[in-house]
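Source file: coords.txt; contents: compact mmCIF, C-alpha atoms.
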```
# COMPACT_ATOMS: atom_id res chain seq x y z
CA MET A 9 160.82 163.15 79.22
CA LYS A 10 159.70 162.28 82.71
CA ARG A 11 160.30 163.55 86.19
CA LEU A 12 162.71 161.43 88.20
CA ILE A 13 161.89 159.76 91.45
CA PRO A 14 164.32 161.77 93.62
CA LEU A 15 167.56 159.84 94.11
CA VAL A 16 170.36 161.96 95.54
CA THR A 17 173.95 160.80 95.68
CA ALA A 18 175.37 161.06 99.18
CA LEU A 19 177.68 164.05 99.20
CA THR A 20 179.37 166.25 101.72
CA LEU A 21 176.90 169.00 100.99
CA LEU A 22 174.26 170.63 103.13
CA PHE A 23 170.74 170.58 101.78
CA CYS A 24 168.31 173.09 103.20
CA GLY A 25 165.52 175.46 102.25
CA CYS A 26 161.87 175.16 101.43
CA SER A 27 160.60 172.01 99.80
CA ALA A 28 159.19 172.05 96.30
CA SER A 29 156.12 170.39 97.73
CA GLY A 30 155.53 173.15 100.29
CA GLU A 31 152.99 175.92 100.14
CA THR A 32 155.42 178.59 98.97
CA THR A 33 155.30 179.54 95.29
CA SER A 34 158.56 181.47 95.18
CA GLN A 35 162.16 180.54 95.85
CA ALA A 36 162.95 183.73 97.69
CA THR A 37 165.64 185.36 99.71
CA THR A 38 165.65 189.01 100.60
CA GLU A 39 168.78 189.40 102.71
CA THR A 40 171.12 192.30 101.97
CA VAL A 41 174.70 191.28 101.24
CA ALA A 42 177.35 193.52 102.79
CA LYS A 43 180.26 194.49 100.55
CA THR A 44 183.22 192.55 101.93
CA PRO A 45 186.51 191.57 100.27
CA ALA A 46 187.20 188.01 99.21
CA SER A 47 189.89 185.98 97.48
CA PRO A 48 189.48 186.43 93.70
CA MET A 49 186.89 184.46 91.75
CA THR A 50 186.91 184.37 87.95
CA VAL A 51 183.96 183.52 85.74
CA THR A 52 184.57 182.83 82.05
CA PHE A 53 181.60 182.88 79.69
CA LEU A 54 182.65 180.96 76.60
CA LYS A 55 181.63 182.01 73.12
CA VAL A 56 179.64 178.90 72.22
CA GLY A 57 176.98 180.20 69.84
CA LYS A 58 173.40 179.79 71.02
CA ALA A 59 174.48 177.80 74.05
CA ASP A 60 175.72 178.19 77.61
CA GLY A 61 179.18 177.27 78.89
CA MET A 62 180.71 178.90 81.98
CA ILE A 63 183.78 178.16 84.08
CA LEU A 64 184.03 179.51 87.63
CA GLN A 65 187.41 179.43 89.32
CA THR A 66 187.92 180.25 92.99
CA GLU A 67 191.26 180.24 94.78
CA ASN A 68 191.41 176.43 95.00
CA HIS A 69 188.41 175.08 93.10
CA ALA A 70 186.80 174.88 89.66
CA ILE A 71 183.08 174.81 88.98
CA ILE A 72 181.34 174.47 85.61
CA ILE A 73 177.82 175.62 84.79
CA ASP A 74 176.72 174.01 81.50
CA CYS A 75 179.00 172.84 78.70
CA GLY A 76 177.57 174.12 75.41
CA GLU A 77 176.94 171.96 72.35
CA LYS A 78 178.76 168.74 71.53
CA THR A 79 181.07 170.68 69.24
CA ASP A 80 181.95 172.99 72.14
CA GLY A 81 183.53 170.21 74.16
CA SER A 82 187.03 171.04 72.91
CA LYS A 83 186.55 174.72 73.74
CA MET A 84 185.68 173.80 77.31
CA VAL A 85 188.64 171.42 77.60
CA ASP A 86 191.11 173.91 76.10
CA CYS A 87 189.88 176.73 78.32
CA LEU A 88 190.22 174.54 81.42
CA ASN A 89 193.75 173.56 80.37
CA GLU A 90 194.70 177.19 79.72
CA LYS A 91 193.61 178.04 83.25
CA GLY A 92 195.70 175.24 84.71
CA ILE A 93 192.63 173.44 86.01
CA THR A 94 193.25 169.73 86.51
CA GLU A 95 189.98 168.63 88.12
CA ILE A 96 186.39 169.81 88.35
CA ASP A 97 184.96 170.10 91.84
CA CYS A 98 181.38 170.61 90.67
CA MET A 99 179.57 170.49 87.34
CA ILE A 100 176.11 172.07 87.36
CA LEU A 101 173.94 171.18 84.37
CA THR A 102 170.95 173.50 84.40
CA HIS A 103 168.84 171.24 82.17
CA TYR A 104 169.37 168.58 79.50
CA ASP A 105 168.95 170.48 76.24
CA GLN A 106 171.80 169.76 73.83
CA ASP A 107 173.10 173.32 73.96
CA HIS A 108 173.74 172.94 77.69
CA ILE A 109 175.00 169.36 78.07
CA GLY A 110 176.48 168.63 74.63
CA GLY A 111 180.10 169.25 75.64
CA ALA A 112 179.81 167.67 79.09
CA ALA A 113 180.82 164.15 78.04
CA LYS A 114 184.10 165.41 76.58
CA VAL A 115 184.89 167.40 79.72
CA ILE A 116 184.23 164.33 81.89
CA LYS A 117 186.44 162.21 79.63
CA ASN A 118 189.33 164.66 80.10
CA PHE A 119 189.05 165.70 83.76
CA PRO A 120 188.14 164.02 87.03
CA VAL A 121 184.81 165.42 88.19
CA ALA A 122 183.77 165.26 91.83
CA GLN A 123 180.04 165.72 91.36
CA VAL A 124 177.40 166.47 88.74
CA ILE A 125 174.34 168.43 89.89
CA ALA A 126 171.44 168.23 87.46
CA ALA A 127 167.75 168.92 87.01
CA ASP A 128 164.98 166.59 88.15
CA TYR A 129 163.82 165.00 84.91
CA THR A 130 165.22 162.72 82.20
CA GLU A 131 165.83 163.28 78.51
CA GLU A 132 165.87 161.01 75.48
CA SER A 133 168.74 162.29 73.35
CA LYS A 134 172.16 161.23 72.12
CA GLU A 135 173.77 163.96 74.20
CA TYR A 136 172.07 162.75 77.38
CA THR A 137 173.05 159.13 76.67
CA LYS A 138 176.69 160.07 76.05
CA LEU A 139 176.72 162.15 79.22
CA VAL A 140 175.48 159.21 81.28
CA GLU A 141 178.02 156.90 79.64
CA ALA A 142 180.87 159.31 80.34
CA MET A 143 179.77 159.67 83.96
CA ALA A 144 179.81 155.90 84.35
CA THR A 145 183.55 155.84 83.55
CA GLN A 146 184.11 157.83 86.77
CA ASP A 147 181.40 156.02 88.71
CA LEU A 148 179.40 159.26 88.87
CA SER A 149 175.68 159.59 89.30
CA PHE A 150 173.51 162.68 89.15
CA THR A 151 172.90 164.71 92.27
CA ILE A 152 169.28 165.81 91.90
CA PRO A 153 168.33 168.64 94.28
CA THR A 154 164.65 168.66 95.14
CA GLU A 155 165.11 171.35 97.77
CA THR A 156 167.33 174.41 97.84
CA MET A 157 170.95 173.24 97.98
CA ASN A 158 173.79 175.13 99.69
CA PHE A 159 177.55 174.62 99.52
CA ALA A 160 180.74 176.66 99.40
CA PHE A 161 184.09 176.71 97.66
CA ASP A 162 186.64 179.03 99.25
CA ASP A 163 184.96 182.44 99.62
CA ALA A 164 182.13 181.63 97.18
CA ASN A 165 178.80 180.47 98.60
CA PHE A 166 176.49 178.66 96.19
CA VAL A 167 172.74 178.21 96.39
CA VAL A 168 171.11 175.98 93.77
CA TYR A 169 167.36 176.38 93.32
CA PRO A 170 165.45 173.48 91.71
CA HIS A 171 162.26 174.07 89.80
CA ILE A 172 159.07 174.03 91.87
CA ALA A 173 156.18 173.03 89.59
CA ASP A 174 155.57 169.45 88.53
CA ASP A 175 154.76 170.63 85.03
CA TYR A 176 154.82 173.80 82.95
CA LYS A 177 152.43 174.98 80.26
CA ASN A 178 155.28 175.97 77.96
CA GLY A 179 158.95 175.12 77.70
CA PHE A 180 159.06 172.21 80.14
CA ASP A 181 162.81 171.55 79.75
CA ASN A 182 163.75 175.23 79.92
CA ASN A 183 161.58 175.90 82.95
CA CYS A 184 163.16 172.95 84.75
CA SER A 185 166.43 174.90 84.71
CA LEU A 186 168.42 174.91 87.90
CA VAL A 187 169.11 178.48 89.01
CA THR A 188 172.41 179.12 90.80
CA LYS A 189 173.10 182.10 93.04
CA VAL A 190 176.74 182.70 93.95
CA THR A 191 177.58 185.09 96.77
CA HIS A 192 181.23 186.07 96.71
CA GLY A 193 182.12 188.49 99.48
CA GLY A 194 179.69 191.32 98.84
CA ASN A 195 179.02 190.43 95.19
CA VAL A 196 176.09 188.31 94.00
CA LEU A 197 176.11 186.52 90.64
CA LEU A 198 172.93 184.88 89.34
CA PHE A 199 172.90 182.14 86.69
CA THR A 200 169.42 181.42 85.34
CA GLY A 201 169.86 178.77 82.65
CA ASP A 202 166.99 178.89 80.16
CA ALA A 203 164.34 179.99 82.66
CA MET A 204 161.21 181.15 80.88
CA GLU A 205 158.16 183.03 82.18
CA GLU A 206 156.84 180.43 84.65
CA ARG A 207 160.30 179.73 86.07
CA LEU A 208 161.08 183.44 86.44
CA THR A 209 157.85 183.77 88.43
CA GLU A 210 159.15 181.08 90.80
CA ILE A 211 162.39 183.00 91.46
CA MET A 212 160.99 186.53 91.26
CA ASP A 213 161.91 187.23 94.90
CA ILE A 214 165.36 185.64 94.80
CA GLY A 215 166.98 188.93 95.78
CA ASP A 216 169.31 191.48 94.21
CA CYS A 217 172.32 190.54 92.15
CA ASP A 218 175.32 192.39 90.76
CA LEU A 219 175.75 190.19 87.68
CA LEU A 220 172.96 188.35 85.87
CA LYS A 221 173.47 185.63 83.29
CA VAL A 222 170.42 186.68 81.27
CA PRO A 223 168.01 183.75 80.89
CA TYR A 224 167.11 181.88 77.70
CA HIS A 225 169.93 183.27 75.54
CA GLY A 226 168.48 186.76 75.52
CA ARG A 227 165.24 185.75 73.86
CA GLU A 228 162.14 187.76 74.71
CA ILE A 229 160.34 186.66 77.89
CA ALA A 230 157.09 188.37 78.88
CA ASN A 231 157.99 188.98 82.52
CA LEU A 232 161.71 189.63 82.04
CA PRO A 233 161.25 193.40 82.62
CA GLU A 234 159.58 192.68 85.97
CA PHE A 235 162.35 190.24 86.84
CA LEU A 236 165.06 192.79 86.00
CA ASP A 237 163.34 195.32 88.23
CA LYS A 238 163.30 192.78 91.06
CA VAL A 239 166.92 191.58 90.88
CA THR A 240 168.41 194.95 89.79
CA PRO A 241 171.65 193.73 88.16
CA GLU A 242 174.40 196.16 87.27
CA ILE A 243 175.91 193.75 84.73
CA GLY A 244 174.17 191.43 82.28
CA VAL A 245 175.80 188.68 80.22
CA ILE A 246 173.98 187.06 77.30
CA SER A 247 175.32 183.83 75.85
CA THR A 248 173.82 183.60 72.38
CA ASP A 249 174.24 184.02 68.64
CA GLU A 250 172.98 186.85 66.48
CA GLU A 251 169.97 184.90 65.26
CA ASN A 252 168.43 184.18 68.66
CA ILE A 253 168.88 187.37 70.62
CA SER A 254 165.88 189.66 71.02
CA GLU A 255 166.20 193.39 70.40
CA ASN A 256 163.52 193.89 73.04
CA THR A 257 165.67 192.12 75.63
CA VAL A 258 168.67 194.27 74.75
CA SER A 259 166.47 197.37 74.99
CA GLU A 260 165.12 196.38 78.41
CA LEU A 261 168.68 196.00 79.68
CA ALA A 262 169.75 199.32 78.16
CA GLU A 263 166.77 201.17 79.61
CA ARG A 264 167.90 200.09 83.07
CA ASN A 265 171.52 201.09 82.42
CA ILE A 266 172.64 197.50 82.83
CA ASP A 267 176.16 197.09 81.45
CA THR A 268 175.57 194.30 78.92
CA TYR A 269 178.00 191.83 77.34
CA ILE A 270 177.02 189.45 74.53
CA THR A 271 179.17 186.48 73.56
CA TYR A 272 178.59 186.61 69.81
CA GLN A 273 179.79 190.23 69.80
CA ASP A 274 182.35 190.18 72.61
CA GLY A 275 183.81 186.68 72.37
CA TYR A 276 184.96 185.07 75.59
CA ILE A 277 183.80 187.27 78.47
CA THR A 278 185.55 187.27 81.84
CA ALA A 279 184.21 188.56 85.14
CA VAL A 280 186.61 188.85 88.08
CA SER A 281 185.14 189.39 91.54
CA ASP A 282 187.18 190.48 94.56
CA GLY A 283 184.13 190.58 96.79
CA LEU A 284 183.83 194.35 96.45
CA THR A 285 183.65 194.94 92.70
CA ILE A 286 183.32 192.91 89.51
CA THR A 287 185.77 193.72 86.72
CA MET A 288 184.68 192.74 83.22
CA SER A 289 186.84 192.04 80.17
CA LYS A 290 186.27 190.54 76.75
CA ALA A 291 188.55 188.67 74.39
CA GLY A 292 186.90 189.84 71.19
CA ILE A 293 185.42 187.76 68.43
CA ASN A 294 188.80 187.10 66.81
CA LYS A 295 190.04 184.96 69.69
CA ASP A 296 191.26 181.65 68.33
CA GLU A 297 188.66 179.02 69.02
CA PRO A 298 189.44 175.30 68.88
CA THR A 299 187.53 173.06 66.55
CA ASP A 300 186.18 169.83 67.94
CA THR A 301 187.77 166.96 66.03
CA GLU A 302 185.28 164.47 67.33
CA GLU A 303 183.02 163.08 64.63
CA ASP A 304 179.73 164.93 64.55
CA GLU A 305 177.70 162.75 62.25
CA ASP A 306 175.02 162.55 64.91
CA ALA A 307 175.02 166.24 65.81
CA GLU A 308 171.60 167.86 65.94
CA THR A 309 170.87 171.39 64.85
CA GLU A 310 167.38 171.97 66.24
CA LEU A 311 166.85 175.01 68.45
CA GLU A 312 166.03 174.25 72.06
```

Output the file's structure as structure tokens, nothing else.
Amino acid sequence: MKRLIPLVTALTLLFCGCSASGETTSQATTETVAKTPASPMTVTFLKVGKADGMILQTENHAIIIDCGEKTDGSKMVDCLNEKGITEIDCMILTHYDQDHIGGAAKVIKNFPVAQVIAADYTEESKEYTKLVEAMATQDLSFTIPTETMNFAFDDANFVVYPHIADDYKNGFDNNCSLVTKVTHGGNVLLFTGDAMEERLTEIMDIGDCDLLKVPYHGREIANLPEFLDKVTPEIGVISTDEENISENTVSELAERNIDTYITYQDGYITAVSDGLTITMSKAGINKDEPTDTEEDEDAETELE
């Protein structure tokens, strides 16, 4: 793995914010968001085992954050079809671990994708290679934010925070995770990828949120309690399997009265924001889930 020389595809997006090379050590925002109504936005957290796969749908646009494992590609495609989505306006890949990009190639093969925003490093893996090959069929190249990146779809305002440090003592890939903050009317949703201790320190002052996609699949992180106290979520969603979740993490959420949803228990989880409130629902673990028919002879099973 190596850090890329920044090469950003020209897009109709506005880049702003503090540079990773600046003196600041925190990607922070402390503004208070007023509760205001907005056209509905739906977020679907797919049940993809110990992986992340989320579909955000605004009034006129579709955004994906991570695509699960390779064998989750069909789940992503079927869910997009069920929602009547015919094209992807933005695909955000938090980092290149197989449980975040594995299904991306299949999505790209089945839907036109306007842009792919990804972390500032490279990976040597079959999943990464297939992703790049699939992107080439649509003449796509990675958009690599090196500064805070802002854009909007309908009533949803997105801020993507790249990692700050050039290196991390532990969990390099995970700590390179892009963090995405979505402000929808008066609601704030925070998606943290696999951020570990050093990355959470970088975003400790990111501001309050209403819904938190709990980082690192609910595994124990030393400064997670401090982070929860800083961002004060009312709702937490953990995308994980039974083997990888930490009882300590669940306890920390419960102690703070954070309404918690877990994909391996609750199945597909849906959050609907109207700008004033967020309504949660779950499909249950018996929801029919498609099986990827693509050959998986090269699938890897290592934990990331």

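The spacing separating atom CA of Asn265 of chain A from atom CA of Thr50 of chain A amounts to 23.4 Å.
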
Centre and edge lengths of an axis-aligned box around all listed atoms of segment 46-61 of chain A, with 4 Å added on each side, are to be given in Å to one decimal, as JSON.
```
{"center_x": 181.6, "center_y": 182.6, "center_z": 84.5, "size_x": 24.5, "size_y": 18.7, "size_z": 37.4}
```

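Residue nearest Gly201 of chain A, chosen from A:Ala126, A:Ile253, A:Ala230, A:Met157 and counting all atoms listed in the file: A:Ala126.
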
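The nearest approach to Leu64 of chain A among the residues A:Ser82, A:Thr200, A:Thr52, A:Asn231, with all atoms listed in the file taken into account, belongs to A:Thr52.
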
>> Rounded to one decimal, what separation in Å do you get between atom CA of Met84 of chain A and atom CA of Asn118 of chain A?
In response: 10.2 Å

> Which residues come within 10 Å of Ser289 of chain A, counting all atoms listed in the file, excluding same-chain residues fewer than 6 positions away, as a PyMOL selection string?
Replying inline: chain A and resi 52+269+274-280

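Pairwise distance (atom CA of Glu135 of chain A, atom CA of Val190 of chain A) equals 27.4 Å.
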
>> Excluding Phe119 of chain A and its own-chain neighbours fewer than 5 positions away, which residues fall within 9 Å of it when counting only C-alpha atoms? Please give them as an MDAnalysis selection string.
In response: chainID A and resid 85 93:96 114

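Around Glu251 of chain A, within 12 Å and counting all atoms listed in the file, the residues found are Gly57, Lys58, His225, Gly226, Arg227, Tyr272 and Leu311 of chain A, once anything fewer than 5 positions away on its own chain is removed.
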
> Hey, which of A:His108, A:Lys189, A:Lys290, A:Lys78 ends up closest to Lys138 of chain A? Count all atoms listed in the file.
Replying inline: A:Lys78

>> Using all atoms listed in the file, which protein or nucleic acid residues come within 9 Å of His103 of chain A? Drop anything in the same chain fewer than 5 positions from it, and give the result as number ranges by chain.
In response: A: 74, 108-109, 126-129, 181-186, 201-202

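Nearest to Thr271 of chain A of all the residues A:Gly244, A:Gly215, A:Gly283, A:Pro120 is A:Gly244, counting only C-alpha atoms.
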
>> List the spatial neighbours of Asp282 of chain A as a PyMOL selection string - criterion: any atom at most 12 Å away, all atoms listed in the file, same-chain residues fewer than 3 positions off excluded.
In response: chain A and resi 43-51+66-67+163-164+191-196+279+285-288

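Here the question is which of A:Asp267, A:Ala262, A:Ala291, A:Glu206 gets nearest to Asp175 of chain A using all atoms listed in the file, and that residue is A:Glu206.
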